[in-house]
$ cat final36.txt   # compact mmCIF, C-alpha atoms
# COMPACT_ATOMS: atom_id res chain seq x y z
CA MET O 1023 77.75 87.59 13.47
CA PRO O 1024 74.30 88.51 14.80
CA GLY O 1025 73.79 88.43 18.54
CA THR O 1026 71.29 86.34 20.43
CA LEU O 1027 67.68 86.32 19.27
CA GLY O 1028 65.36 87.07 22.17
CA ILE O 1029 61.95 85.43 21.95
CA ILE O 1030 59.29 87.07 24.13
CA ALA O 1031 57.07 84.04 24.59
CA GLY O 1032 53.35 84.12 25.15
CA GLY O 1033 51.19 81.00 25.09
CA GLY O 1034 50.89 78.13 22.66
CA PRO O 1035 53.49 76.11 20.75
CA MET O 1036 54.86 78.81 18.47
CA PRO O 1037 57.57 80.28 20.75
CA ALA O 1038 59.28 76.90 21.11
CA ARG O 1039 58.94 76.14 17.41
CA LEU O 1040 60.44 79.48 16.49
CA ALA O 1041 63.31 78.90 18.92
CA ALA O 1042 63.99 75.46 17.43
CA ALA O 1043 63.95 76.83 13.88
CA ALA O 1044 66.31 79.68 14.77
CA GLN O 1045 68.70 77.27 16.51
CA ALA O 1046 68.61 74.93 13.51
CA ALA O 1047 69.61 77.89 11.33
CA GLY O 1048 72.64 78.47 13.59
CA ARG O 1049 71.22 81.35 15.63
CA ARG O 1050 71.69 81.66 19.37
CA VAL O 1051 68.35 82.06 21.13
CA PHE O 1052 67.09 83.13 24.53
CA VAL O 1053 63.43 82.70 25.44
CA LEU O 1054 61.83 85.13 27.87
CA GLY O 1055 58.59 83.46 28.90
CA LEU O 1056 55.74 85.57 30.23
CA ASP O 1057 54.53 84.03 33.48
CA GLY O 1058 50.95 82.81 33.36
CA HIS O 1059 51.03 82.57 29.56
CA VAL O 1060 54.09 80.62 28.42
CA ASP O 1061 54.22 76.83 28.20
CA ARG O 1062 57.15 76.25 30.54
CA ALA O 1063 57.70 72.65 29.45
CA ALA O 1064 57.89 73.68 25.78
CA ILE O 1065 60.65 76.26 26.34
CA ALA O 1066 62.61 74.14 28.83
CA PRO O 1067 65.10 72.82 26.18
CA PHE O 1068 66.25 76.36 25.36
CA PRO O 1069 68.15 78.99 27.36
CA HIS O 1070 65.31 80.81 29.05
CA ALA O 1071 63.87 82.76 31.93
CA VAL O 1072 60.30 83.41 33.03
CA ALA O 1073 59.09 86.76 34.32
CA ARG O 1074 55.85 88.56 35.10
CA ILE O 1075 54.67 91.05 32.50
CA GLY O 1076 55.02 93.83 35.07
CA ALA O 1077 58.60 92.92 36.01
CA GLY O 1078 60.26 95.40 33.67
CA ALA O 1079 63.69 95.37 35.30
CA GLU O 1080 63.81 91.58 35.34
CA ILE O 1081 62.78 91.32 31.69
CA LEU O 1082 65.25 93.90 30.39
CA GLY O 1083 68.02 92.56 32.62
CA ALA O 1084 67.50 88.99 31.44
CA LEU O 1085 67.54 90.00 27.77
CA ARG O 1086 70.69 92.09 28.15
CA GLY O 1087 72.38 89.44 30.26
CA ALA O 1088 71.81 86.90 27.48
CA GLY O 1089 73.36 89.19 24.86
CA VAL O 1090 70.09 89.73 23.02
CA ASP O 1091 70.16 92.29 20.23
CA GLU O 1092 66.98 91.33 18.32
CA VAL O 1093 63.58 90.54 19.80
CA VAL O 1094 60.57 88.65 18.47
CA MET O 1095 57.22 88.70 20.26
CA ILE O 1096 55.18 85.58 19.61
CA GLY O 1097 52.35 83.64 21.21
CA PRO O 1098 48.99 84.84 22.54
CA VAL O 1099 48.92 86.98 25.68
CA LYS O 1100 45.77 88.06 27.48
CA ARG O 1101 46.02 91.70 28.41
CA PRO O 1102 46.34 91.99 32.21
CA SER O 1103 44.35 94.48 34.22
CA LEU O 1104 46.22 97.21 36.04
CA LEU O 1105 45.15 95.59 39.32
CA THR O 1106 46.94 92.34 38.45
CA LEU O 1107 49.93 93.85 36.63
CA MET O 1108 51.80 94.86 39.81
CA PRO O 1109 54.66 96.62 37.98
CA ASP O 1110 58.08 97.00 39.57
CA ALA O 1111 59.79 100.40 39.42
CA GLU O 1112 61.08 99.80 35.90
CA GLY O 1113 57.72 98.40 34.84
CA ALA O 1114 56.01 101.53 36.16
CA ARG O 1115 58.41 103.70 34.14
CA ILE O 1116 57.66 101.64 31.04
CA LEU O 1117 53.92 102.02 31.62
CA ALA O 1118 54.41 105.78 31.86
CA ARG O 1119 56.26 105.74 28.54
CA ILE O 1120 53.48 103.68 26.94
CA GLY O 1121 50.96 106.21 28.22
CA ARG O 1122 47.42 106.20 26.93
CA ALA O 1123 48.17 103.34 24.52
CA ALA O 1124 47.93 101.00 27.53
CA PHE O 1125 44.20 101.71 27.57
CA ALA O 1126 43.72 101.71 23.78
CA GLY O 1127 43.16 98.82 21.39
CA ASP O 1128 45.65 96.06 20.75
CA ASP O 1129 47.30 97.80 17.78
CA GLY O 1130 48.14 100.94 19.71
CA LEU O 1131 49.42 99.00 22.71
CA LEU O 1132 51.63 96.71 20.62
CA ALA O 1133 53.07 99.64 18.70
CA ALA O 1134 53.91 101.36 21.99
CA VAL O 1135 55.54 98.21 23.43
CA ILE O 1136 57.64 97.82 20.27
CA ARG O 1137 58.70 101.46 20.53
CA VAL O 1138 59.84 100.91 24.12
CA PHE O 1139 61.91 97.87 23.17
CA GLU O 1140 63.55 99.83 20.36
CA GLU O 1141 64.27 102.76 22.68
CA GLU O 1142 65.97 100.24 24.99
CA GLY O 1143 68.32 99.28 22.15
CA PHE O 1144 66.68 96.12 20.80
CA ARG O 1145 65.69 95.60 17.18
CA VAL O 1146 62.15 94.17 17.02
CA ARG O 1147 61.50 91.71 14.21
CA GLY O 1148 58.45 89.83 12.99
CA ALA O 1149 58.26 86.05 13.41
CA GLN O 1150 57.85 85.68 9.65
CA GLU O 1151 61.15 87.52 9.11
CA VAL O 1152 62.98 85.01 11.26
CA MET O 1153 61.13 81.95 9.96
CA ALA O 1154 59.77 82.64 6.48
CA SER O 1155 58.00 79.28 6.28
CA LEU O 1156 55.55 80.46 8.96
CA ALA O 1157 53.71 82.76 6.54
CA ALA O 1158 50.96 81.39 4.31
CA PRO O 1159 51.93 81.25 0.62
CA GLU O 1160 49.42 82.50 -1.95
CA GLY O 1161 47.05 79.98 -3.51
CA VAL O 1162 44.94 76.95 -2.69
CA LEU O 1163 46.86 75.15 0.05
CA GLY O 1164 45.11 71.79 0.07
CA ALA O 1165 43.10 69.37 -2.03
CA HIS O 1166 39.89 71.39 -1.99
CA ALA O 1167 39.11 74.74 -3.65
CA PRO O 1168 36.26 77.15 -2.88
CA GLY O 1169 33.23 77.02 -5.14
CA PRO O 1170 31.24 80.02 -6.42
CA ALA O 1171 29.11 80.38 -3.27
CA ALA O 1172 32.18 80.23 -1.05
CA GLU O 1173 34.03 82.73 -3.27
CA ALA O 1174 31.19 85.22 -2.81
CA ASP O 1175 31.29 84.70 0.95
CA ILE O 1176 35.08 85.17 0.96
CA LEU O 1177 34.73 88.57 -0.73
CA ARG O 1178 31.98 89.58 1.69
CA GLY O 1179 34.01 88.36 4.64
CA ALA O 1180 37.13 90.21 3.50
CA ALA O 1181 35.22 93.49 3.31
CA VAL O 1182 33.76 92.98 6.78
CA ALA O 1183 37.11 91.88 8.24
CA ARG O 1184 38.77 95.02 6.86
CA ALA O 1185 36.14 97.21 8.50
CA LEU O 1186 36.43 95.24 11.73
CA GLY O 1187 40.21 95.53 11.70
CA ALA O 1188 40.11 99.25 10.95
CA ALA O 1189 38.27 99.67 14.25
CA ASP O 1190 40.96 97.53 15.98
CA VAL O 1191 38.37 94.97 17.07
CA GLY O 1192 39.43 91.61 15.61
CA GLN O 1193 40.79 89.76 12.60
CA ALA O 1194 38.19 87.11 11.74
CA VAL O 1195 34.63 86.88 10.48
CA VAL O 1196 32.29 84.02 9.56
CA VAL O 1197 29.99 84.52 6.59
CA GLN O 1198 27.34 82.19 5.16
CA GLN O 1199 25.33 83.02 2.05
CA GLY O 1200 26.37 86.65 2.39
CA ILE O 1201 25.13 86.87 5.99
CA VAL O 1202 27.64 87.64 8.74
CA LEU O 1203 27.17 84.97 11.39
CA GLY O 1204 29.77 86.41 13.73
CA VAL O 1205 32.83 88.61 14.10
CA GLU O 1206 35.86 88.07 16.31
CA ALA O 1207 36.34 90.20 19.39
CA VAL O 1208 38.22 89.46 22.59
CA GLU O 1209 37.08 85.81 22.69
CA GLY O 1210 39.36 84.72 19.83
CA THR O 1211 38.81 82.71 16.66
CA ASP O 1212 38.10 79.31 18.23
CA ALA O 1213 35.35 80.72 20.43
CA LEU O 1214 33.95 82.64 17.44
CA LEU O 1215 33.65 79.37 15.52
CA VAL O 1216 31.90 77.63 18.41
CA ARG O 1217 29.40 80.48 18.60
CA CYS O 1218 28.77 80.49 14.85
CA GLY O 1219 28.22 76.73 14.70
CA ALA O 1220 24.90 77.23 16.48
CA LEU O 1221 23.91 79.98 14.02
CA ARG O 1222 24.51 78.21 10.71
CA ARG O 1223 21.70 78.12 8.19
CA GLU O 1224 20.43 75.51 5.75
CA GLY O 1225 22.03 75.56 2.33
CA PRO O 1226 25.60 76.22 1.17
CA PRO O 1227 27.95 76.26 4.17
CA GLY O 1228 29.80 79.35 5.30
CA VAL O 1229 33.45 80.36 5.43
CA LEU O 1230 35.93 81.72 7.95
CA VAL O 1231 37.89 84.72 6.70
CA LYS O 1232 40.88 85.86 8.74
CA LEU O 1233 42.95 88.88 7.69
CA ALA O 1234 45.54 91.23 9.11
CA LYS O 1235 44.11 94.55 10.21
CA PRO O 1236 44.61 97.57 7.92
CA GLY O 1237 47.94 99.10 8.94
CA GLN O 1238 48.69 95.96 11.00
CA GLU O 1239 51.94 96.08 12.96
CA GLN O 1240 53.62 93.17 11.18
CA ARG O 1241 56.08 92.52 14.00
CA ALA O 1242 53.41 91.35 16.44
CA ASP O 1243 49.95 89.79 16.58
CA LEU O 1244 49.70 88.63 12.96
CA PRO O 1245 46.66 86.40 12.34
CA THR O 1246 47.41 82.75 13.01
CA ILE O 1247 45.63 79.49 12.18
CA GLY O 1248 46.42 75.86 12.84
CA VAL O 1249 44.96 72.39 13.22
CA ARG O 1250 42.66 73.55 16.02
CA THR O 1251 41.25 76.26 13.74
CA VAL O 1252 40.51 73.67 11.05
CA GLU O 1253 38.88 71.33 13.56
CA ALA O 1254 36.73 74.15 14.95
CA ALA O 1255 35.73 75.27 11.44
CA ALA O 1256 34.73 71.71 10.55
CA ALA O 1257 32.73 71.37 13.79
CA ALA O 1258 30.95 74.64 12.91
CA GLY O 1259 29.91 73.17 9.56
CA LEU O 1260 31.93 75.56 7.40
CA ALA O 1261 33.11 74.94 3.84
CA GLY O 1262 36.58 76.30 4.41
CA ILE O 1263 38.99 78.98 5.53
CA ALA O 1264 40.43 81.97 3.66
CA VAL O 1265 43.45 83.84 5.00
CA GLU O 1266 45.73 86.63 3.86
CA ALA O 1267 48.81 85.42 2.00
CA GLY O 1268 52.10 86.55 3.47
CA LEU O 1269 50.47 88.01 6.59
CA THR O 1270 48.92 84.94 8.20
CA LEU O 1271 51.05 82.53 10.22
CA ILE O 1272 50.51 78.77 9.86
CA PRO O 1273 53.08 77.23 12.21
CA ASP O 1274 52.12 73.61 11.40
CA ARG O 1275 51.42 74.10 7.71
CA ALA O 1276 51.64 70.45 6.64
CA ALA O 1277 49.50 69.24 9.56
CA THR O 1278 47.00 72.07 9.05
CA ILE O 1279 46.62 71.30 5.34
CA ALA O 1280 46.28 67.59 6.08
CA ALA O 1281 43.57 68.31 8.65
CA ALA O 1282 41.68 70.47 6.13
CA ASP O 1283 41.96 67.79 3.44
CA GLN O 1284 40.71 65.11 5.81
CA ALA O 1285 37.78 67.26 6.92
CA GLY O 1286 36.88 68.18 3.33
CA LEU O 1287 37.52 71.89 3.93
CA PHE O 1288 39.26 74.24 1.53
CA LEU O 1289 42.20 76.29 2.78
CA VAL O 1290 43.13 79.24 0.59
CA ALA O 1291 45.47 82.22 0.98
CA ARG O 1292 44.79 85.37 -1.03
CA ARG O 1293 46.21 88.85 -1.36
CA PHE O 1294 43.27 91.12 -0.63
CA GLY O 1295 43.46 94.67 -1.93

$ encode --input "final36.txt" --output "structure tokens"
Amino acid sequence: MPGTLGIIAGGGPMPARLAAAAQAAGRRVFVLGLDGHVDRAAIAPFPHAVARIGAGAEILGALRGAGVDEVVMIGPVKRPSLLTLMPDAEGARILARIGRAAFAGDDGLLAAVIRVFEEEGFRVRGAQEVMASLAAPEGVLGAHAPGPAAEADILRGAAVARALGAADVGQAVVVQQGIVLGVEAVEGTDALLVRCGALRREGPPGVLVKLAKPGQEQRADLPTIGVRTVEAAAAAGLAGIAVEAGLTLIPDRAATIAAADQAGLFLVARRFG
């Protein structure tokens, strides 16, 4: 029998939903919430603890004390500054092991954090491995399909998103009539959409394209969309959303598709070469 699944919980609803799904499948779970990020009320029904990111000894001790053998990292976390991290002795040793990756882009940092967990004896798994229904299936996911103008913008957006991801900058881009209205950086997808709403042009509406980065570490930080993404895309006047099949998480798939249908937006998942 597998041991306890440890869920390193950042913000948003996904940590609790993953915990509930794992429990429903008969798996023991333990949620380690990251203080200042996790929704404490959401994880309250599950065995859990909350610790600061810098409290390395507390985090590792809690996971081991709960019998955790596999770890999933899920939920957004804003990178703390070194001034606010305040690591304990174990946290300082972990930072030393992470090394320069702590000052690099998100991909390098996440890869280093995963390596540390594995060196500590935990197997790190992707959320989509534990809950396959999280990942977007290939195809048109709702009642609306992209037209020719949107298809051209999807291809343009995918090329730009790949270049953006290769530089470890972001995962999303908004394109209208072949013109890039905005690219995602540290502000996140929702803020990108708000910004692009003020930049939209007359004529055929634009699209949001969100892809995994080239060489994406698939056990952390996969692109994610949900009802809020659809609502923000509709408010920005877009025609729809294109994501990468199998590598984009849609935690509330039915609700997200329903929101897109109601707003008249297409929602499509593709496998981009």

$ atom_distance --input "final36.txt" --atom1 "CA of Arg1074 in chain O" --atom2 "CA of Gly1210 in chain O"
22.8 Å

$ residues_around --input "final36.txt" --residues "Asp1274 in chain O" --least-positions-apart "4" --cutoff "10 Å" --atoms "only C-alpha atoms" --output "ChimeraX atom specification"
/O:1035-1036,1039,1155-1156,1247-1249,1278-1280

$ write_last_selection --input "final36.txt" --atoms "C-alpha atoms" --output "PDB file, keeping the file's coordinate frame"
ATOM      1  CA  PRO O1035      53.490  76.110  20.750  1.00  0.00           C
ATOM      2  CA  MET O1036      54.860  78.810  18.470  1.00  0.00           C
ATOM      3  CA  ARG O1039      58.940  76.140  17.410  1.00  0.00           C
ATOM      4  CA  SER O1155      58.000  79.280   6.280  1.00  0.00           C
ATOM      5  CA  LEU O1156      55.550  80.460   8.960  1.00  0.00           C
ATOM      6  CA  ILE O1247      45.630  79.490  12.180  1.00  0.00           C
ATOM      7  CA  GLY O1248      46.420  75.860  12.840  1.00  0.00           C
ATOM      8  CA  VAL O1249      44.960  72.390  13.220  1.00  0.00           C
ATOM      9  CA  THR O1278      47.000  72.070   9.050  1.00  0.00           C
ATOM     10  CA  ILE O1279      46.620  71.300   5.340  1.00  0.00           C
ATOM     11  CA  ALA O1280      46.280  67.590   6.080  1.00  0.00           C
TER      12      ALA O1280
END

$ residues_around --input "final36.txt" --residues "Gly1048 in chain O" --least-positions-apart "4" --cutoff "12 Å" --atoms "all atoms listed in the file" --output "list of chain:residue names"
O:Met1023, O:Pro1024, O:Gly1025, O:Thr1026, O:Leu1027, O:Ala1041, O:Ala1042, O:Ala1043, O:Ala1044, O:Val1152

$ residues_around --input "final36.txt" --residues "Val1099 in chain O" --least-positions-apart "6" --cutoff "10 Å" --atoms "all atoms listed in the file" --output "PyMOL selection string"
chain O and resi 1031-1034+1056+1058-1060+1075+1243

$ atom_distance --input "final36.txt" --atom1 "CA of Phe1144 in chain O" --atom2 "CA of Phe1068 in chain O"
20.3 Å

$ closest_atom_pairs --input "final36.txt" --of "range 1163-1205 of chain O" --to "range 1281-1290 of chain O" --cutoff "9 Å" --atoms "only C-alpha atoms" --output "CSV"
residue,atom,partner,partner_atom,distance
O:Leu1163,CA,O:Leu1289,CA,5.5
O:Gly1164,CA,O:Leu1289,CA,6.0
O:Ala1165,CA,O:Asp1283,CA,5.8
O:His1166,CA,O:Phe1288,CA,4.6
O:Ala1167,CA,O:Phe1288,CA,5.2
O:Pro1168,CA,O:Phe1288,CA,6.1

$ atom_distance --input "final36.txt" --atom1 "CA of Pro1098 in chain O" --atom2 "CA of Asp1175 in chain O"
27.9 Å

$ closest_residue --input "final36.txt" --among "O:Ala1133, O:Ala1047, O:Ala1258, O:Leu1203" --to "Val1182 in chain O" --atoms "only C-alpha atoms"
O:Leu1203

$ closest_residue --input "final36.txt" --among "O:Leu1221, O:Ala1064, O:Ala1111, O:Ala1185" --to "Ala1038 in chain O" --atoms "only C-alpha atoms"
O:Ala1064

$ closest_residue --input "final36.txt" --among "O:Val1265, O:Val1094, O:Leu1260, O:Met1108" --to "Arg1293 in chain O" --atoms "all atoms listed in the file"
O:Val1265

$ closest_residue --input "final36.txt" --among "O:Ala1114, O:Leu1215, O:Ile1136, O:Ile1201" --to "Gly1148 in chain O" --atoms "only C-alpha atoms"
O:Ile1136
